[in-house]
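A quick write-up on the structure given underneath.
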Amino acid sequence: MTYVTARVEKRLYTTLVIKTLLPQEPLTTLTEHIIYTHHSFTRQELDRLGKLFDNVCSRHGENHQELFEAQKTFYQLKQDLIPHMLKEEQVLFPYITRMEEDAGEGRAIPPPFFGTAPNPVRMMMTEHDTAGDLLQQLRGITNGYITPPDGCVSFQTLYQALAAFEADLHQHIHLENNILFPRAVEMEETSAPDFHKSADEFNEHRCFGH
Ligand SMILES: [Fe+2]
Ligand SMILES: [Fe+2]
């Protein structure tokens, strides 16, 4: 199998998994998939890209000032993504897993400290928007990740890795925004209608963002 065929097959497989298989999986499986596939890749690449940036900036920064701007934007993204993934792993995903387990066994769902699922979901989605904006800025600064003619192999590696990082993060955010979060909110509405109603009343009297 050629490299191109392998890449096309991988893309088709990924599309199949995301469009048809994952949406039907239990929410716990989805959260595990996100953690072990996307969170682990993101952490690994944030670390590797940081070192690649240091290397390429020191070799090419003088002739390519845009590299420093890209590095600054990348660090901003890194500073946002690390606590973002921790919040998902330590707060929202465990709640989703417990809720699904309780609902599956017909037990009452204990109200979470954050009121109701839409509260952390809104916060996560706002942070996704910020990450999306930073990715767009990075794409602009780097001219769509096109290596300049005088760029060395490390320069090319950095830009290719950034493009792959961007693609993975878009897929990761899509899974959370469009599959996991709406299904979790719907499950809470269906499995804990009373609790959801009182949370709605509570939220009406609460002002977020202050
Ligand atoms: Fe995530
Ligand atoms: Fe997220």
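The way I read the labels, and the way they are meant: chains A, B, ... in the order of the structure tokens, residue 1 as the first residue of every chain, and ligand 1 as the first ligand shown, with later ones counted on from there.
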**Message:** Env of segment 35-42 of chain A: 10 Å cut, atoms = only C-alpha atoms, seq-sep filter 2 positions within chain, self excluded. Answer as a list in words.
**Reply:** Thr29, Leu30, Thr31, Glu32, His33, Gln44, Glu45, Leu46, Asp47, Arg48, Lys78, Leu81, Ile82, Met85, Leu86, Glu88, Glu89, Phe93, Phe165, Glu166, Asp168, Leu169, Gln171, His172 and Ile173 of chain A
Next, dump the selected residues to file, keeping only C-alpha atoms, as a short mmCIF file (atom, residue, chain, number, x, y, z; two decimals), in the first residue's frame.
```
data_model
loop_
_atom_site.label_atom_id
_atom_site.label_comp_id
_atom_site.auth_asym_id
_atom_site.auth_seq_id
_atom_site.Cartn_x
_atom_site.Cartn_y
_atom_site.Cartn_z
CA THR A 29 -16.84 5.10 25.52
CA LEU A 30 -16.90 8.48 23.80
CA THR A 31 -15.19 10.22 26.73
CA GLU A 32 -12.56 7.45 26.85
CA HIS A 33 -12.00 7.76 23.09
CA GLN A 44 2.23 14.95 23.30
CA GLU A 45 2.19 17.45 20.41
CA LEU A 46 2.07 20.55 22.63
CA ASP A 47 5.30 19.34 24.16
CA ARG A 48 6.97 18.37 20.84
CA LYS A 78 -1.04 25.68 25.03
CA LEU A 81 -5.70 23.82 26.32
CA ILE A 82 -3.92 22.22 29.28
CA MET A 85 -8.55 19.26 29.13
CA LEU A 86 -8.04 18.87 32.89
CA GLU A 88 -13.04 17.94 31.14
CA GLU A 89 -11.16 14.97 32.61
CA PHE A 93 -16.46 13.67 31.87
CA PHE A 165 -2.34 19.40 15.24
CA GLU A 166 -4.95 21.79 13.84
CA ASP A 168 -6.87 16.80 15.15
CA LEU A 169 -8.08 19.64 17.36
CA GLN A 171 -12.00 16.75 15.00
CA HIS A 172 -11.70 16.66 18.80
CA ILE A 173 -13.83 19.81 19.23
#
```
**Request:** Output as a PyMOL selection string all residues of segment 15-196 of chain A that backbone DSSP marks as helix (DSSP H, G or I).
**Result:** chain A and resi 15-24+27-60+66-104+118-141+153-191+193-196
**Contacts of segment 96-110 of chain A within 8 Å, only C-alpha atoms, excl. fewer than 2 positions in-chain, as a PyMOL selection string** = chain A and resi 27-28+92-94+112+184+187-188+191-192
Writer output for current selection, C-alpha atoms, as an mmCIF file, in the first residue's frame:
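New file result.cif:
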```
data_model
loop_
_atom_site.group_PDB
_atom_site.id
_atom_site.type_symbol
_atom_site.label_atom_id
_atom_site.label_comp_id
_atom_site.auth_asym_id
_atom_site.auth_seq_id
_atom_site.Cartn_x
_atom_site.Cartn_y
_atom_site.Cartn_z
ATOM 1 C CA LEU A 27 -21.113 8.300 26.360
ATOM 2 C CA THR A 28 -18.474 6.676 28.587
ATOM 3 C CA LEU A 92 -17.384 17.111 33.230
ATOM 4 C CA PHE A 93 -16.462 13.667 31.866
ATOM 5 C CA PRO A 94 -16.659 11.894 35.282
ATOM 6 C CA PRO A 112 -23.658 18.028 40.519
ATOM 7 C CA ALA A 184 -25.083 14.399 27.703
ATOM 8 C CA MET A 187 -29.582 12.399 28.872
ATOM 9 C CA GLU A 188 -29.720 14.712 31.887
ATOM 10 C CA SER A 191 -33.117 10.977 33.201
ATOM 11 C CA ALA A 192 -33.347 13.775 35.773
#
```
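With distances restricted to only C-alpha atoms and all ligand atoms, A:Leu180 is the closest residue to ligand 1 from A:Leu67, A:Leu138, A:Ala161, A:Leu180.
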**Message:** Between A:His84, A:His170, A:His60, A:Arg139, which residue has the minimum interatomic distance to ligand 1, considering only C-alpha atoms and all ligand atoms?
**Reply:**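 That would be A:His84, the residue with the smallest distance to ligand 1.
The residue that comes closest to ligand 1, out of A:Phe181, A:Phe53, A:Phe195, A:Phe68 and on the basis of only C-alpha atoms and all ligand atoms, is A:Phe181.
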**Request:** Excluding His64 of chain A and any residue of its chain fewer than 2 positions from it, enumerate the residues within 12 Å of it, using only C-alpha atoms, and give them as a list in words.
**Result:** Val56, Cys57, Ser58, Arg59, His60, Gly61, Glu62, Glu66, Leu67, Phe68, Glu69, Ala70, Gln71, Ile141, Thr142, Thr147, Pro148, Pro149, Asp150, Gly151 and Phe155 of chain A
**Item:** Distance of atom CA of Asp133 of chain A from atom CA of Leu175 of chain A, expressed in Å to one decimal place
**Value:**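 Separating atom CA of Leu175 of chain A from atom CA of Asp133 of chain A is a distance of 17.9 Å.
Proximity to ligand 2 was assessed for A:Leu52, A:Met125, A:Leu162, A:Leu22 counting only C-alpha atoms and all ligand atoms; the smallest distance is recorded for A:Met125.
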**Asked** With only C-alpha atoms and all ligand atoms as the atoms that count, which of A:Ile34, A:Leu158, A:Asn119, A:Val185 lies nearest to ligand 1?
**Response**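 Once distances to ligand 1 are computed over only C-alpha atoms and all ligand atoms, the minimum belongs to A:Ile34.
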**Fill in**
Across A:Gln160, A:Thr116, A:Gln90, A:Ser154, the smallest distance to ligand 1, with only C-alpha atoms and all ligand atoms counted, is shown by A:Gln90
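Taking atom CA of Phe114 of chain A and atom CA of Pro193 of chain A as endpoints, the distance between them is 16.5 Å.
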